[in-house]
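Asker: Take a look at model_0.txt, compact mmCIF, C-alpha atoms:
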```
# COMPACT_ATOMS: atom_id res chain seq x y z
CA MET A 1 -9.99 25.30 -10.78
CA LEU A 2 -13.43 24.15 -11.87
CA ILE A 3 -14.14 20.57 -10.87
CA ARG A 4 -17.08 18.72 -12.38
CA LEU A 5 -18.06 15.35 -10.96
CA VAL A 6 -21.01 13.22 -9.97
CA VAL A 7 -21.73 13.20 -6.24
CA ASN A 8 -24.35 10.85 -4.85
CA GLY A 9 -25.83 10.42 -8.29
CA GLU A 10 -26.06 14.13 -9.15
CA PRO A 11 -23.78 16.15 -11.43
CA ARG A 12 -22.07 18.80 -9.31
CA GLU A 13 -19.36 21.38 -9.82
CA ALA A 14 -17.18 23.51 -7.60
CA ASP A 15 -14.49 26.10 -8.15
CA VAL A 16 -11.68 25.24 -5.73
CA TRP A 17 -8.04 26.04 -5.11
CA PRO A 18 -6.24 23.29 -7.11
CA GLY A 19 -4.46 21.96 -4.02
CA SER A 20 -7.74 21.27 -2.20
CA SER A 21 -8.59 17.78 -1.10
CA LEU A 22 -11.77 16.05 -2.17
CA LEU A 23 -12.80 16.16 1.51
CA PHE A 24 -12.49 19.95 1.62
CA MET A 25 -14.51 20.29 -1.56
CA LEU A 26 -17.28 18.00 -0.30
CA ARG A 27 -17.56 19.74 3.06
CA GLU A 28 -16.90 23.36 2.26
CA GLU A 29 -18.07 23.75 -1.33
CA LEU A 30 -20.70 21.10 -1.93
CA GLY A 31 -22.55 21.27 1.39
CA LEU A 32 -21.84 17.67 2.38
CA PRO A 33 -20.34 17.78 5.89
CA GLY A 34 -21.07 14.10 6.66
CA SER A 35 -17.50 13.06 5.84
CA LYS A 36 -15.47 14.23 8.81
CA ASN A 37 -12.17 16.08 8.79
CA ALA A 38 -9.97 14.71 11.55
CA CYS A 39 -6.40 13.61 10.90
CA GLU A 40 -5.94 14.81 7.29
CA GLN A 41 -3.33 12.10 6.79
CA GLY A 42 -5.33 8.97 6.04
CA GLU A 43 -4.88 7.50 9.50
CA CYS A 44 -8.40 7.78 10.90
CA GLY A 45 -10.83 6.95 8.10
CA SER A 46 -13.38 9.54 9.26
CA CYS A 47 -13.50 11.00 5.76
CA SER A 48 -14.12 7.67 3.99
CA VAL A 49 -16.09 7.91 0.74
CA TRP A 50 -16.37 5.90 -2.46
CA LEU A 51 -14.46 7.12 -5.49
CA ASP A 52 -15.66 5.25 -8.58
CA GLY A 53 -16.82 2.53 -6.20
CA ASP A 54 -13.54 2.22 -4.25
CA LEU A 55 -13.40 3.03 -0.54
CA VAL A 56 -10.89 5.88 -0.09
CA CYS A 57 -9.92 8.56 2.38
CA SER A 58 -11.23 11.72 0.74
CA CYS A 59 -8.56 13.77 2.55
CA LEU A 60 -5.93 11.97 0.46
CA VAL A 61 -7.59 12.57 -2.90
CA LEU A 62 -6.89 15.82 -4.68
CA ALA A 63 -10.24 17.39 -5.59
CA ALA A 64 -8.91 17.66 -9.14
CA GLN A 65 -8.32 13.90 -9.21
CA ALA A 66 -12.07 13.44 -8.76
CA HIS A 67 -12.83 15.57 -11.84
CA GLY A 68 -15.07 13.59 -14.16
CA ARG A 69 -15.46 10.79 -11.66
CA GLU A 70 -18.18 9.51 -9.38
CA VAL A 71 -18.17 10.02 -5.62
CA ARG A 72 -20.54 8.57 -3.05
CA THR A 73 -20.60 9.90 0.48
CA VAL A 74 -22.27 8.84 3.72
CA GLU A 75 -25.12 11.20 2.80
CA SER A 76 -26.13 8.77 0.04
CA LEU A 77 -27.02 5.99 2.49
CA ALA A 78 -30.23 7.16 4.17
CA ARG A 79 -33.32 7.61 1.98
CA ASP A 80 -35.32 10.60 3.22
CA ASP A 81 -36.11 9.64 6.82
CA VAL A 82 -35.24 5.97 6.44
CA LEU A 83 -31.80 5.03 7.64
CA HIS A 84 -29.59 2.58 5.77
CA PRO A 85 -29.59 -0.86 7.48
CA VAL A 86 -25.97 -0.34 8.53
CA GLN A 87 -26.87 2.98 10.15
CA GLU A 88 -29.84 1.30 11.83
CA ALA A 89 -27.57 -1.45 13.17
CA PHE A 90 -25.14 1.15 14.59
CA LEU A 91 -28.05 2.81 16.41
CA GLN A 92 -29.42 -0.41 17.81
CA ALA A 93 -26.04 -1.76 18.90
CA GLY A 94 -25.13 1.55 20.52
CA ALA A 95 -22.06 1.73 18.31
CA VAL A 96 -21.89 5.49 18.65
CA GLN A 97 -20.22 7.44 21.40
CA CYS A 98 -19.01 10.91 20.41
CA GLY A 99 -20.07 10.12 16.85
CA PHE A 100 -17.14 11.68 15.04
CA CYS A 101 -15.82 8.42 13.57
CA THR A 102 -19.34 7.10 12.84
CA PRO A 103 -19.82 8.32 9.25
CA GLY A 104 -16.48 6.84 8.18
CA LEU A 105 -17.19 3.59 9.97
CA VAL A 106 -20.68 3.33 8.48
CA VAL A 107 -19.24 3.83 5.00
CA ALA A 108 -16.45 1.27 5.61
CA VAL A 109 -18.89 -1.31 7.05
CA THR A 110 -21.27 -0.81 4.11
CA ASP A 111 -18.34 -1.28 1.73
CA LEU A 112 -17.37 -4.50 3.53
CA LEU A 113 -20.86 -6.02 3.63
CA ASP A 114 -21.45 -5.17 -0.04
CA ARG A 115 -18.38 -7.23 -0.91
CA ASP A 116 -18.69 -9.90 1.80
CA PRO A 117 -22.16 -10.19 3.39
CA SER A 118 -21.02 -12.62 6.11
CA PRO A 119 -17.45 -11.70 7.05
CA ASP A 120 -15.64 -13.54 9.84
CA GLU A 121 -14.19 -11.67 12.81
CA LEU A 122 -10.70 -11.26 11.34
CA THR A 123 -12.08 -10.03 8.03
CA VAL A 124 -14.10 -7.39 9.90
CA ARG A 125 -11.08 -6.28 11.89
CA GLU A 126 -8.95 -6.00 8.78
CA ALA A 127 -11.69 -4.17 6.87
CA LEU A 128 -12.07 -1.61 9.66
CA SER A 129 -8.37 -1.27 10.42
CA GLY A 130 -8.30 2.10 8.68
CA ASN A 131 -11.00 3.60 10.89
CA LEU A 132 -10.13 4.90 14.33
CA CYS A 133 -12.59 5.40 17.18
CA ARG A 134 -10.87 7.30 19.97
CA CYS A 135 -13.75 6.62 22.36
CA THR A 136 -12.56 3.00 21.86
CA GLY A 137 -16.07 1.84 21.07
CA TYR A 138 -14.91 -0.96 18.80
CA GLU A 139 -16.78 -3.81 20.49
CA LYS A 140 -20.12 -2.12 19.86
CA VAL A 141 -19.04 -1.43 16.30
CA PHE A 142 -18.29 -5.13 15.78
CA GLU A 143 -21.70 -5.91 17.27
CA ALA A 144 -23.29 -3.55 14.77
CA VAL A 145 -21.46 -5.30 11.92
CA ARG A 146 -22.71 -8.69 13.13
CA LEU A 147 -26.25 -7.36 13.42
CA ALA A 148 -26.23 -5.79 9.95
CA SER A 149 -24.61 -8.92 8.49
CA ARG A 150 -27.22 -11.20 10.07
CA ARG A 151 -30.07 -9.09 8.72
CA ARG A 152 -28.52 -9.06 5.30
CA GLN A 153 -28.26 -12.85 5.29
CA GLU A 154 -31.86 -13.06 6.43
CA GLY A 155 -32.78 -11.07 3.36
CA GLU A 156 -33.87 -7.96 5.22
CA TRP A 157 -31.80 -5.75 2.90
CA MET B 1 -0.86 26.16 -8.24
CA ASP B 2 -1.97 24.16 -11.28
CA VAL B 3 -3.10 20.56 -11.46
CA LEU B 4 -2.77 19.00 -14.89
CA LEU B 5 -5.00 16.08 -15.84
CA PRO B 6 -3.43 14.14 -18.73
CA ALA B 7 -5.48 11.31 -20.22
CA THR B 8 -2.59 9.37 -21.73
CA LEU B 9 1.05 8.64 -20.92
CA ASP B 10 2.25 10.61 -23.95
CA GLU B 11 0.31 13.64 -22.78
CA ALA B 12 1.72 13.25 -19.29
CA LEU B 13 5.31 12.97 -20.55
CA ALA B 14 4.84 16.06 -22.73
CA MET B 15 3.58 17.99 -19.69
CA ARG B 16 6.48 16.74 -17.61
CA ALA B 17 8.93 17.93 -20.31
CA GLU B 18 7.29 21.35 -20.51
CA ARG B 19 7.05 21.84 -16.74
CA PRO B 20 10.04 19.99 -15.23
CA GLY B 21 9.16 21.13 -11.71
CA ALA B 22 5.74 19.49 -11.89
CA VAL B 23 5.14 16.90 -9.19
CA PRO B 24 3.45 13.69 -10.33
CA ILE B 25 0.68 12.51 -8.01
CA ALA B 26 -0.79 9.00 -8.15
CA GLY B 27 -2.77 7.64 -5.17
CA GLY B 28 -1.85 10.70 -3.14
CA THR B 29 -1.43 8.74 0.09
CA ASP B 30 1.99 10.34 0.74
CA LEU B 31 1.77 13.61 -1.18
CA MET B 32 -1.63 14.70 0.08
CA VAL B 33 -0.37 14.54 3.65
CA GLU B 34 2.40 16.96 2.67
CA LEU B 35 -0.13 19.20 0.96
CA ASN B 36 -2.68 19.09 3.78
CA PHE B 37 -0.02 20.07 6.32
CA ASP B 38 1.46 22.87 4.21
CA HIS B 39 4.79 21.07 3.87
CA LEU B 40 4.61 21.10 0.12
CA ARG B 41 3.34 23.75 -2.29
CA PRO B 42 4.36 22.70 -5.78
CA GLU B 43 3.59 25.12 -8.58
CA VAL B 44 2.31 22.31 -10.75
CA MET B 45 1.07 18.79 -10.11
CA ILE B 46 0.37 16.14 -12.74
CA ASP B 47 -2.32 13.59 -11.92
CA VAL B 48 -1.00 10.26 -13.17
CA SER B 49 -3.71 8.24 -11.41
CA ARG B 50 -5.84 7.95 -14.51
CA LEU B 51 -3.19 6.92 -17.05
CA PRO B 52 -4.26 3.53 -18.43
CA GLU B 53 -0.70 2.70 -19.54
CA LEU B 54 0.53 2.66 -15.92
CA ALA B 55 -2.36 0.64 -14.47
CA VAL B 56 -1.31 -2.68 -15.99
CA TRP B 57 0.73 -5.72 -15.06
CA ARG B 58 2.07 -8.44 -17.33
CA ARG B 59 3.66 -11.84 -16.96
CA GLU B 60 5.86 -12.81 -19.85
CA ASP B 61 8.88 -15.07 -20.36
CA GLY B 62 9.18 -15.81 -16.65
CA GLU B 63 9.16 -12.12 -15.79
CA LEU B 64 6.64 -9.94 -14.03
CA PHE B 65 6.08 -6.30 -14.91
CA VAL B 66 4.01 -4.28 -12.47
CA GLY B 67 2.94 -0.87 -13.72
CA SER B 68 3.50 2.07 -11.42
CA GLY B 69 -0.25 2.75 -11.27
CA VAL B 70 -1.22 -0.70 -9.97
CA THR B 71 -2.76 -0.32 -6.51
CA TYR B 72 -2.08 -2.64 -3.58
CA THR B 73 -5.71 -3.77 -3.59
CA ARG B 74 -5.19 -4.93 -7.16
CA VAL B 75 -1.95 -6.70 -6.24
CA LEU B 76 -3.85 -8.62 -3.56
CA ARG B 77 -6.76 -9.42 -5.86
CA GLU B 78 -4.92 -10.10 -9.11
CA LEU B 79 -1.42 -11.30 -8.11
CA PRO B 80 -1.88 -13.41 -4.95
CA GLU B 81 0.55 -16.02 -6.33
CA MET B 82 3.36 -13.45 -6.10
CA ARG B 83 3.65 -14.33 -2.45
CA ALA B 84 6.15 -11.82 -1.09
CA LEU B 85 4.63 -8.96 -3.08
CA ALA B 86 1.12 -9.85 -1.92
CA GLU B 87 2.23 -10.20 1.70
CA ALA B 88 3.92 -6.81 1.53
CA ALA B 89 0.86 -5.27 -0.16
CA ARG B 90 -1.35 -6.53 2.64
CA THR B 91 0.71 -4.70 5.27
CA VAL B 92 0.40 -1.37 3.48
CA GLY B 93 -1.82 1.06 5.40
CA SER B 94 -5.48 0.09 5.51
CA PRO B 95 -8.09 -0.90 2.90
CA GLN B 96 -8.61 2.79 2.09
CA ILE B 97 -4.88 3.31 1.59
CA ARG B 98 -4.44 0.08 -0.42
CA ASN B 99 -7.27 1.18 -2.74
CA ARG B 100 -5.24 4.25 -3.71
CA GLY B 101 -1.58 3.52 -2.95
CA THR B 102 0.54 2.28 -5.84
CA ILE B 103 3.91 0.63 -6.47
CA GLY B 104 4.93 3.75 -8.38
CA GLY B 105 4.04 5.90 -5.40
CA ASN B 106 6.28 3.91 -3.07
CA LEU B 107 9.09 4.13 -5.61
CA GLY B 108 8.62 7.86 -6.07
CA THR B 109 8.47 8.58 -2.36
CA ALA B 110 11.51 6.33 -1.79
CA SER B 111 11.00 6.06 1.95
CA PRO B 112 13.47 3.61 3.51
CA ALA B 113 10.40 2.07 5.18
CA GLY B 114 8.31 1.62 2.00
CA ASP B 115 6.91 -1.87 2.45
CA PRO B 116 6.97 -3.23 -1.10
CA LEU B 117 10.50 -1.98 -1.77
CA PRO B 118 12.35 -4.90 -0.13
CA VAL B 119 10.34 -7.22 -2.39
CA LEU B 120 11.63 -5.37 -5.45
CA ALA B 121 15.16 -5.42 -4.04
CA ALA B 122 15.06 -9.14 -3.25
CA HIS B 123 14.05 -9.82 -6.85
CA ASP B 124 16.82 -7.62 -8.33
CA ALA B 125 14.05 -5.59 -9.94
CA GLU B 126 14.63 -3.10 -12.71
CA ILE B 127 12.78 0.18 -12.56
CA LEU B 128 11.39 1.37 -15.89
CA LEU B 129 11.37 5.09 -16.54
CA ALA B 130 10.30 7.18 -19.52
CA SER B 131 10.65 10.70 -20.83
CA ALA B 132 9.32 12.43 -23.93
CA ASP B 133 12.79 13.36 -25.22
CA ARG B 134 14.86 10.27 -24.47
CA GLY B 135 12.28 7.48 -24.50
CA GLY B 136 12.48 4.64 -22.01
CA ARG B 137 15.25 3.34 -19.80
CA ALA B 138 15.55 0.54 -17.24
CA ILE B 139 17.83 0.82 -14.21
CA PRO B 140 18.48 -1.53 -11.29
CA TRP B 141 16.47 -0.78 -8.13
CA ASP B 142 19.59 0.26 -6.21
CA ALA B 143 20.52 2.77 -8.92
CA PHE B 144 17.02 4.20 -8.61
CA LEU B 145 16.73 4.41 -4.82
CA VAL B 146 19.75 6.53 -4.00
CA GLY B 147 19.01 7.93 -0.53
CA VAL B 148 16.38 8.78 2.03
CA LYS B 149 13.47 9.92 -0.14
CA ARG B 150 15.86 10.45 -3.06
CA THR B 151 15.65 8.75 -6.44
CA ALA B 152 17.39 8.84 -9.80
CA LEU B 153 14.18 10.03 -11.51
CA ALA B 154 15.02 12.89 -13.90
CA PRO B 155 12.82 16.01 -13.74
CA ASP B 156 11.19 15.18 -17.06
CA GLU B 157 10.67 11.47 -16.39
CA LEU B 158 7.82 9.35 -15.08
CA ILE B 159 8.02 5.92 -13.43
CA LEU B 160 6.47 3.27 -15.67
CA GLY B 161 6.83 0.37 -13.24
CA ALA B 162 9.11 -2.40 -12.05
CA ARG B 163 10.13 -5.63 -13.73
CA TRP B 164 11.75 -8.76 -12.33
CA ARG B 165 12.29 -12.45 -12.94
CA ILE B 166 9.74 -14.52 -11.03
CA LEU B 167 11.41 -16.69 -8.39
CA ARG B 168 10.29 -20.31 -8.20
CA GLY B 169 11.26 -21.03 -4.59
CA PRO B 170 9.62 -20.06 -1.32
CA GLN B 171 9.41 -16.37 -0.54
CA SER B 172 7.93 -14.21 2.17
CA PHE B 173 7.61 -10.71 3.54
CA ALA B 174 7.43 -9.75 7.21
CA LYS B 175 7.16 -6.48 9.04
CA VAL B 176 7.33 -5.34 12.64
CA GLY B 177 5.39 -2.30 13.80
CA THR B 178 3.28 -1.17 16.71
CA ARG B 179 0.06 -2.55 15.23
CA ASN B 180 -1.07 -4.63 12.29
CA ALA B 181 -2.49 -1.83 10.18
CA MET B 182 -1.66 1.79 9.41
CA VAL B 183 1.87 1.47 10.63
CA ILE B 184 5.24 2.50 9.30
CA ALA B 185 7.66 -0.39 9.70
CA VAL B 186 10.17 -0.46 12.54
CA ALA B 187 11.84 -2.94 10.21
CA ASN B 188 10.70 -5.14 7.35
CA LEU B 189 12.24 -8.01 5.47
CA CYS B 190 11.74 -9.91 2.24
CA PHE B 191 13.24 -13.38 1.99
CA GLY B 192 13.45 -15.77 -0.92
CA LEU B 193 15.19 -18.95 -2.00
CA ASP B 194 15.88 -19.40 -5.68
CA PRO B 195 16.48 -23.09 -6.37
CA ASP B 196 17.25 -22.36 -10.04
CA THR B 197 20.35 -20.33 -9.26
CA ARG B 198 20.85 -21.85 -5.79
CA THR B 199 20.88 -18.42 -4.23
CA ALA B 200 19.20 -16.85 -1.24
CA ARG B 201 17.73 -13.36 -1.25
CA VAL B 202 17.32 -11.09 1.76
CA ALA B 203 16.27 -7.46 1.53
CA LEU B 204 15.59 -5.15 4.43
CA GLY B 205 13.69 -1.93 4.93
CA SER B 206 13.73 0.80 7.57
CA VAL B 207 17.21 -0.18 8.81
CA ALA B 208 19.39 1.98 6.51
CA PRO B 209 19.03 5.16 4.39
CA THR B 210 17.62 3.03 1.57
CA VAL B 211 16.32 -0.49 1.28
CA ILE B 212 19.34 -2.82 1.37
CA ARG B 213 20.30 -6.38 0.55
CA ALA B 214 22.35 -8.54 2.90
CA PRO B 215 24.84 -10.12 0.45
CA GLU B 216 27.12 -11.75 3.01
CA ALA B 217 24.18 -13.40 4.72
CA GLU B 218 22.85 -14.54 1.34
CA ALA B 219 26.17 -16.12 0.34
CA PHE B 220 26.58 -17.72 3.77
CA LEU B 221 23.11 -19.28 3.58
CA ALA B 222 23.48 -20.50 -0.01
CA GLU B 223 26.71 -22.25 0.98
CA ALA B 224 25.23 -23.69 4.18
CA LEU B 225 22.30 -25.11 2.19
CA GLN B 226 24.80 -26.57 -0.28
CA ARG B 227 26.84 -28.14 2.52
CA ALA B 228 23.69 -29.62 4.08
CA GLY B 229 22.59 -30.96 0.69
CA ALA B 230 19.35 -29.05 1.15
CA TRP B 231 19.22 -27.68 -2.41
CA ASP B 232 18.80 -31.25 -3.66
CA GLU B 233 17.05 -32.77 -0.66
CA PRO B 234 14.57 -30.28 0.88
CA ALA B 235 14.25 -32.36 4.06
CA ALA B 236 17.99 -32.23 4.79
CA PRO B 237 18.25 -30.26 8.03
CA LEU B 238 20.29 -27.08 8.30
CA ALA B 239 22.70 -26.99 11.25
CA PRO B 240 21.42 -24.72 14.06
CA GLU B 241 24.68 -22.74 14.00
CA ASP B 242 24.10 -22.04 10.31
CA VAL B 243 20.62 -20.69 11.06
CA GLU B 244 22.15 -18.48 13.74
CA GLY B 245 25.08 -17.52 11.50
CA PHE B 246 22.65 -16.48 8.79
CA SER B 247 20.43 -14.33 11.03
CA GLU B 248 23.49 -12.72 12.68
CA ARG B 249 24.82 -11.76 9.25
CA VAL B 250 21.46 -10.31 8.23
CA ALA B 251 21.47 -8.15 11.37
CA ALA B 252 25.09 -7.14 10.71
CA ALA B 253 24.15 -5.82 7.25
CA THR B 254 21.92 -3.12 8.75
CA ARG B 255 22.82 0.48 9.49
CA PRO B 256 19.86 1.46 11.64
CA ILE B 257 19.23 4.65 13.57
CA ASP B 258 17.34 5.51 16.74
CA ASP B 259 14.10 7.29 15.91
CA VAL B 260 10.52 7.66 17.14
CA ARG B 261 9.60 4.22 15.88
CA GLY B 262 12.42 2.28 17.54
CA THR B 263 16.03 2.18 18.56
CA ALA B 264 18.88 0.95 16.39
CA ALA B 265 19.47 -1.92 18.82
CA TYR B 266 15.83 -3.00 18.65
CA ARG B 267 15.88 -2.84 14.86
CA ARG B 268 18.90 -5.14 14.73
CA HIS B 269 17.11 -7.52 17.09
CA VAL B 270 13.93 -7.42 15.00
CA VAL B 271 15.80 -8.15 11.80
CA ARG B 272 17.62 -11.10 13.37
CA VAL B 273 14.31 -12.61 14.50
CA LEU B 274 12.54 -11.94 11.18
CA ALA B 275 15.44 -13.52 9.26
CA ARG B 276 15.35 -16.66 11.39
CA ARG B 277 11.56 -16.97 11.05
CA ALA B 278 11.61 -16.37 7.30
CA LEU B 279 14.28 -19.03 6.83
CA ALA B 280 12.41 -21.57 9.00
CA ARG B 281 9.21 -20.91 7.08
CA ALA B 282 10.95 -21.28 3.71
CA LEU B 283 12.59 -24.57 4.72
CA ASP B 284 9.25 -25.92 6.00
CA GLU B 285 7.58 -24.93 2.76
CA ARG B 286 10.22 -26.75 0.73
CA VAL B 287 9.63 -29.90 2.76
CA GLU B 288 5.85 -29.61 2.38
CA GLU B 289 6.20 -29.03 -1.34
CA ALA B 290 8.50 -32.07 -1.69
CA LEU B 291 6.04 -34.24 0.26
CA ALA B 292 3.15 -33.05 -1.87
CA SER B 293 4.87 -33.85 -5.16
```
Mind converting the file's structure to structure tokens?
Answerer:
Amino acid sequence: MLIRLVVNGEPREADVWPGSSLLFMLREELGLPGSKNACEQGECGSCSVWLDGDLVCSCLVLAAQAHGREVRTVESLARDDVLHPVQEAFLQAGAVQCGFCTPGLVVAVTDLLDRDPSPDELTVREALSGNLCRCTGYEKVFEAVRLASRRRQEGEW
Amino acid sequence: MDVLLPATLDEALAMRAERPGAVPIAGGTDLMVELNFDHLRPEVMIDVSRLPELAVWRREDGELFVGSGVTYTRVLRELPEMRALAEAARTVGSPQIRNRGTIGGNLGTASPAGDPLPVLAAHDAEILLASADRGGRAIPWDAFLVGVKRTALAPDELILGARWRILRGPQSFAKVGTRNAMVIAVANLCFGLDPDTRTARVALGSVAPTVIRAPEAEAFLAEALQRAGAWDEPAAPLAPEDVEGFSERVAAATRPIDDVRGTAAYRRHVVRVLARRALARALDERVEEALAS
């Protein structure tokens, strides 16, 4: 089945088995392995992307459902060699251990701060409740959110 | 395998009539798991996630209609005043899941643990269905949810949504699970008081093959509130034995099983506690409301 969509601002197409997930298509057909394939059941959030601006688990979207729509992945965040401020905050806070959950978390944190630039602690926890880190590095992740949030309020991005 | 991408409801119903085995997929939060794990290989799927006719809600004549394509994120954003529904929506999955998951999806999957389903049951909701050949029909929620993951949906039908009369009194939803997010309920409960009809509503999930009501507990509570004069005077206290009697009867209405999420005994315990808390909260709210007005 031929799927045509816009990915990270560019028109793309891929011929996939109709039962493929959007995640599979992004990783295996479109050369975008940033979204990670872990649980394949929406539990872990490692495959988080934006579908028409909404944060979704790409493993739970049928590739065909993305036909004619717009997808943004973690690859859209950095510009050439310049990291996105959320990615920068993750680095500086040391919010990365094995790194597998990081792309999904970075996408989810960016989604949160775009909607709510200065979220309180509970809001952050609820916003990230769909992203699992099995190294249990959550405290550093929360630190990264606070850092990115502070810089956003200070007008740095 | 084919995936069909109708742009309108009429197109989708025509496809459903032509290919009765076709599986409708909305947010995909249940079905994609089945697909990813090779548990399901339908010959045809119909993407209903882009049908504008299903992605609407309406309030009219004291009733609420929620289209099957309305996501839980939209319920939270657009219908926060529908307290029990919004509280149930907030316990569904995670933000990612709520951005995709729909009322219609929970109805179609018909899991006994589906969080919004007790809210529909407590409101005596009607489920609206449509087919190309026979047009629309509305059936009560308990005629639609007929067993574990079984519904009365005909092979050529689609779920349009659910409709119910808006209750004026206090209402709430509560759920017990192993964490706050991304959890299938050990048990869940929707509670409401309807001062207009002087009735109580209790619906329970994950404690029987389908969502159930607890009619004996409801009748017991309505009568206890009557006896206490609490329908007319919100501050009139309810006797402690009536609170106990109510929560015992709620627990007695369940038919739970032991499974990976909890034992039958624990589920009965959970339901008893949730019923007591929901009642206390509702009575407090009535007092606060009376003081405020």
Asker: Taking into account all atoms listed in the file, which residue in the set B:Gly147, B:Gly67, B:Pro95, B:Pro52 is nearest to Ala7 (chain B)?
Answerer: B:Pro52
Asker: If I take CA of Val92 (chain B) and CA of Leu5 (chain B), how far is one from the other in Å, to one decimal?
Answerer: 26.6 Å
Asker: The residues within 12 Å of (17.7, 11.9, -3.2), using only C-alpha atoms and the coordinates of the file, should be reported as a PyMOL selection string; which are they?
Answerer: chain B and resi 107-112+143-154+209-210
Asker: Could you build a table of the residues in chain B lying no more than 7 Å from chain A, giving for each the nearest pair of atoms and their separation in Å rounded to one decimal place, using only C-alpha atoms, ordered by chain and ascending residue number, as CSV?
Answerer:
```
residue,atom,partner,partner_atom,distance
B:Met1,CA,A:Pro18,CA,6.2
B:Asp2,CA,A:Pro18,CA,6.0
B:Val3,CA,A:Pro18,CA,6.0
B:Gly28,CA,A:Leu60,CA,5.6
B:Thr29,CA,A:Leu60,CA,5.6
B:Met32,CA,A:Leu60,CA,5.1
B:Val33,CA,A:Gln41,CA,5.0
B:Asn36,CA,A:Glu40,CA,6.4
B:Asp47,CA,A:Gln65,CA,6.6
B:Ser94,CA,A:Gly130,CA,4.7
B:Pro95,CA,A:Ala127,CA,6.3
B:Gln96,CA,A:Val56,CA,4.4
B:Ile97,CA,A:Val56,CA,6.7
B:Asn99,CA,A:Val56,CA,6.5
B:Arg100,CA,A:Val56,CA,6.9
B:Ala181,CA,A:Ser129,CA,5.9
B:Met182,CA,A:Glu43,CA,6.6
```
Asker: Write out, as JSON lines, each residue of region 17-112 of chain B that has an atom at most 8 Å from region 168-172 of chain B, together with the closest pair of atoms and their distance in Å to one decimal, counting all atoms listed in the file, rows going by chain and rising number.
Answerer:
```
{"residue": "B:Arg83", "atom": "CA", "partner": "B:Ser172", "partner_atom": "CA", "distance": 6.3}
{"residue": "B:Ala84", "atom": "CA", "partner": "B:Ser172", "partner_atom": "CA", "distance": 4.4}
{"residue": "B:Glu87", "atom": "CA", "partner": "B:Ser172", "partner_atom": "CA", "distance": 7.0}
```
Asker: When you look at region 224-229 of chain B with a cut-off of 8 Å (counting only C-alpha atoms), what residues show up, excluding the ones that are within fewer than 3 positions of it in the same chain? I need them as a list in words.
Answerer: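 In the requested format, the answer is Phe220, Leu221, Asp232, Glu233, Ala236, Pro237, Leu238, Ala239 and Asp242 of chain B.
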Asker: Just need the box for region 229-244 of chain B, edges along x, y and z, holding every atom the file lists for it with 8 Å tacked onto each side, so centre and edge lengths in Å to one decimal, as lines of an AutoDock Vina configuration file.
Answerer:
```
center_x = 19.5
center_y = -25.6
center_z = 5.2
size_x = 26.4
size_y = 30.3
size_z = 33.7
```
